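Trainee: Handing you a structure now.
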Amino acid sequence: SYFDILERYDELEVKRNTFMDAMKDNAFEQLQGQIASARVPLNRFSSKTLYWILSGDDFSLDINNPEEPKIVCIANNPRRQSVYGTTLALMMSQLFKQVNVPGKMHSGILIDELPTIYLKGLANLIDTGRSNKVAVVIGAQDKSQLVRDYDDKESEVIFNTVGNVFAGAVKGDTAKELAQSFGKAEKESHSLQQGDTSEHLTISYQLRDVLPPDKIEALSQGSFCGYIADTFKQKIHPKVFCGEIDAGLPPKSNASVPKLIDLSEVQMRLLVEQNYKCIRLEVANFVQEEMIA
């Protein structure tokens with residue numbers, strides 16, 4: 001049986017014990033429930049596209065390898081987020097481990113719409129990646145989305161450990177937290193009091209938000225506020241900014257992205273189907289060999 005195969009691998013002991021205990025106690029209803037609980041989430045991964053992407057040895061995830069640097073672009077599908085989200089999280093977590101080591105090239109990891117996927121180890125990468133020349137750029141619509149999907153503590157760690165912040169118009173608590181992080185400045189105010197025979201000038205000082213929440217909430221399209229991290233050699237003052245960013249338009253280019261492989265849609269579908277069948281056959285043969293052994 002499959003349990004006989006699992007017993008041959010010591011590293012699977014903890015994961016198989018629950019099933020084995022139910023089997024030894026003849027609790028077959030409990031065993032069926034456990035198997036169903038394990039099978040239902042795994043069934044979601046029965047995708048021919050995923051089989052194609054995760055098989056083969058086209059490239060490795062050490063994108064900052066000096067001998068073979070590369071660019072890896074991974075995209076999610078909102079309609080199949082429950083399927084692809086777990087797979088993408090697995091790939092990204094492995095990528096974090098590959099790039100965050102000494103002696104590699106300078107590299108950057110850009111993650112847009114971060115709350116749509118849970119990435120284990122992201123906070124650690126932000127904390128320690130700087131020493132290994134790994135820059136992490138993350139984007140989100142609002143901090144409340146991050147809190148919803150990453151819980152309070154982890155979202156707070158991510159929010160507080162980033163060195164540079166660029167924020168457009170945000171509302172509510174996010175605007176208040178940004179205003180707090182920008183700090184306060186001493187503002188001078190004057191008042192002139194006139195008497196019958198004299199005038200008195202009163203000067204007072206108050207601490208006010210450098211960028212108050214209402215100003216952050218009212219930012220126009222293309223306008224951003226935030227703060228910049230500096231270094232010992234490159235001091236920046238003031239570090240807090242607010243204004244319109246003129247990104248400009250890059251000059252048009254006639255260059256096209258070279259095709260690594262030229263396949264028609266029919267040929268691609270055929271290859272994916274063949275790969276899917278080949279992997280299923282390899283798994284069946286592996287199980288057969290293990291049961292005979």
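Residues in the structure tokens are named by chain (A, B, ... in the order shown) and by number from 1 within that chain; ligands are numbered from 1 in the order shown.
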To test your reading of the structure, identify every residue in segment 126-285 of chain A that backbone DSSP assigns to strand (DSSP E), and report it as JSON, numbers by chain.

Mentor: {"A": [134, 135, 136, 137, 138, 165, 166, 167, 184, 185, 186, 187, 188, 189, 190, 191, 192, 193, 194, 199, 200, 201, 202, 203, 204, 205, 206, 207, 208, 209, 223, 224, 225, 226, 227, 240, 241, 242, 243, 244]}

Trainee: Extract, using only C-alpha atoms, all DNA, RNA and protein residues at most 10 Å from Gln94 of chain A, discarding same-chain residues fewer than 3 positions from it, and format them as an MDAnalysis selection string.

Mentor: chainID A and resid 61:62 88:91 97:99 120:121

Trainee: Nearest to Ile53 of chain A: which of A:Leu271, A:Val137, A:Arg208, A:Phe232 is it, counting only C-alpha atoms?

Mentor: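 Between A:Leu271, A:Val137, A:Arg208, A:Phe232, the residue approaching Ile53 of chain A most closely is A:Leu271.
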
Trainee: Between atom CA of Arg44 of chain A and atom CA of Arg79 of chain A, what is the distance, to one decimal in Å?

Mentor: 13.1 Å

Trainee: Of the candidates A:Asn100, A:Gln288, A:Ser144, A:Thr18, which one gets nearest to Ile63 of chain A if we count only C-alpha atoms?

Mentor: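 With only C-alpha atoms as the atom set, the closest residue is A:Asn100.
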
Trainee: Which residue, A:Leu50, A:Val101, A:Cys225, A:Ala169, has the smallest gap to Arg80 of chain A when you use only C-alpha atoms?

Mentor: A:Leu50

Trainee: Just the residues within 12 Å of segment 252-261 of chain A, please, counting only C-alpha atoms, with nothing from its chain fewer than 5 positions along; format it as a list in words.

Mentor: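 The neighbour list is Asp58, Gln267 and Met268 of chain A.
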
Trainee: Measuring between only C-alpha atoms, which one of A:Gly56, A:Pro212, A:Gly33, A:Gly139 shows the shortest distance to Ile279 of chain A?

Mentor: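 Using only C-alpha atoms, Ile279 of chain A sits closest to A:Gly56.
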
Trainee: Have a look at A:Cys278, A:Ala218, A:Leu207, A:Val134 and name the one nearest to Lys187 of chain A; count only C-alpha atoms.

Mentor: A:Leu207

Trainee: Give me the residues within 12 Å of Pro41 of chain A as a PyMOL selection string, counting only C-alpha atoms and dropping any in the same chain fewer than 5 places off.

Mentor: chain A and resi 35-36+46+82-83+86

Trainee: When distances are computed from only C-alpha atoms, which of A:Ser107, A:Thr174, A:Gln193, A:Ser264 shows the smallest separation from Val147 of chain A?

Mentor: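 Checking each candidate against Val147 of chain A, we get A:Thr174 as the closest.
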
Trainee: Using DSSP secondary structure from the backbone, list all helix (DSSP H, G or I) positions within segment 105-252 of chain A, as a CSV table (one decimal) with C-alpha atoms, in the first residue's frame.

Mentor:
```
chain,number,residue,atom,x,y,z
A,114,LEU,CA,1.7,42.4,-2.4
A,115,PRO,CA,-1.5,41.7,-0.4
A,116,THR,CA,-2.7,39.3,-3.2
A,122,LEU,CA,9.6,38.6,3.2
A,123,ALA,CA,10.2,40.6,6.4
A,124,ASN,CA,13.4,38.7,7.0
A,125,LEU,CA,14.6,39.5,3.4
A,126,ILE,CA,13.9,43.2,3.9
A,127,ASP,CA,15.8,43.2,7.2
A,128,THR,CA,18.9,41.2,6.0
A,129,GLY,CA,18.9,41.7,2.2
A,130,ARG,CA,20.6,45.1,2.4
A,131,SER,CA,23.9,43.6,3.6
A,132,ASN,CA,23.8,41.3,0.6
A,143,LYS,CA,-1.8,49.3,4.5
A,144,SER,CA,-5.2,48.0,5.6
A,145,GLN,CA,-4.9,45.3,2.8
A,146,LEU,CA,-1.5,44.3,4.2
A,147,VAL,CA,-3.0,44.0,7.7
A,148,ARG,CA,-5.9,41.9,6.4
A,149,ASP,CA,-3.7,39.3,4.7
A,150,TYR,CA,-0.5,39.4,6.8
A,152,ASP,CA,-1.1,43.0,12.5
A,153,LYS,CA,2.4,42.0,13.7
A,154,GLU,CA,3.9,41.0,10.4
A,155,SER,CA,2.4,43.9,8.5
A,156,GLU,CA,3.7,46.3,11.1
A,157,VAL,CA,7.2,44.8,10.7
A,158,ILE,CA,7.1,45.2,6.9
A,159,PHE,CA,5.7,48.7,7.2
A,160,ASN,CA,8.4,49.9,9.7
A,161,THR,CA,11.5,48.3,8.2
A,172,GLY,CA,-8.0,57.0,7.2
A,173,ASP,CA,-5.6,55.2,9.4
A,174,THR,CA,-2.9,54.8,6.7
A,175,ALA,CA,-2.8,58.6,6.2
A,176,LYS,CA,-2.6,59.1,10.0
A,177,GLU,CA,0.3,56.6,10.3
A,178,LEU,CA,2.2,58.1,7.5
A,179,ALA,CA,1.8,61.6,9.0
A,180,GLN,CA,3.1,60.2,12.3
A,181,SER,CA,6.1,58.6,10.6
A,182,PHE,CA,7.0,61.9,8.8
A,213,PRO,CA,-3.2,63.6,7.2
A,214,ASP,CA,-5.7,65.8,5.3
A,215,LYS,CA,-2.9,66.9,2.9
A,216,ILE,CA,-2.0,63.2,2.3
A,217,GLU,CA,-5.6,62.3,1.6
```

Trainee: One decimal, Å: what's the distance from atom CA of Pro102 of chain A over to atom CA of Cys73 of chain A, could you say?

Mentor: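 For atom CA of Pro102 of chain A relative to atom CA of Cys73 of chain A, the distance reads 23.1 Å.
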
Trainee: Could you work out how far atom CA of Lys133 of chain A lies from atom CA of Ile245 of chain A, giving the answer in Å with one decimal?

Mentor: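 Taking atom CA of Ile245 of chain A and atom CA of Lys133 of chain A, their separation equals 26.4 Å.
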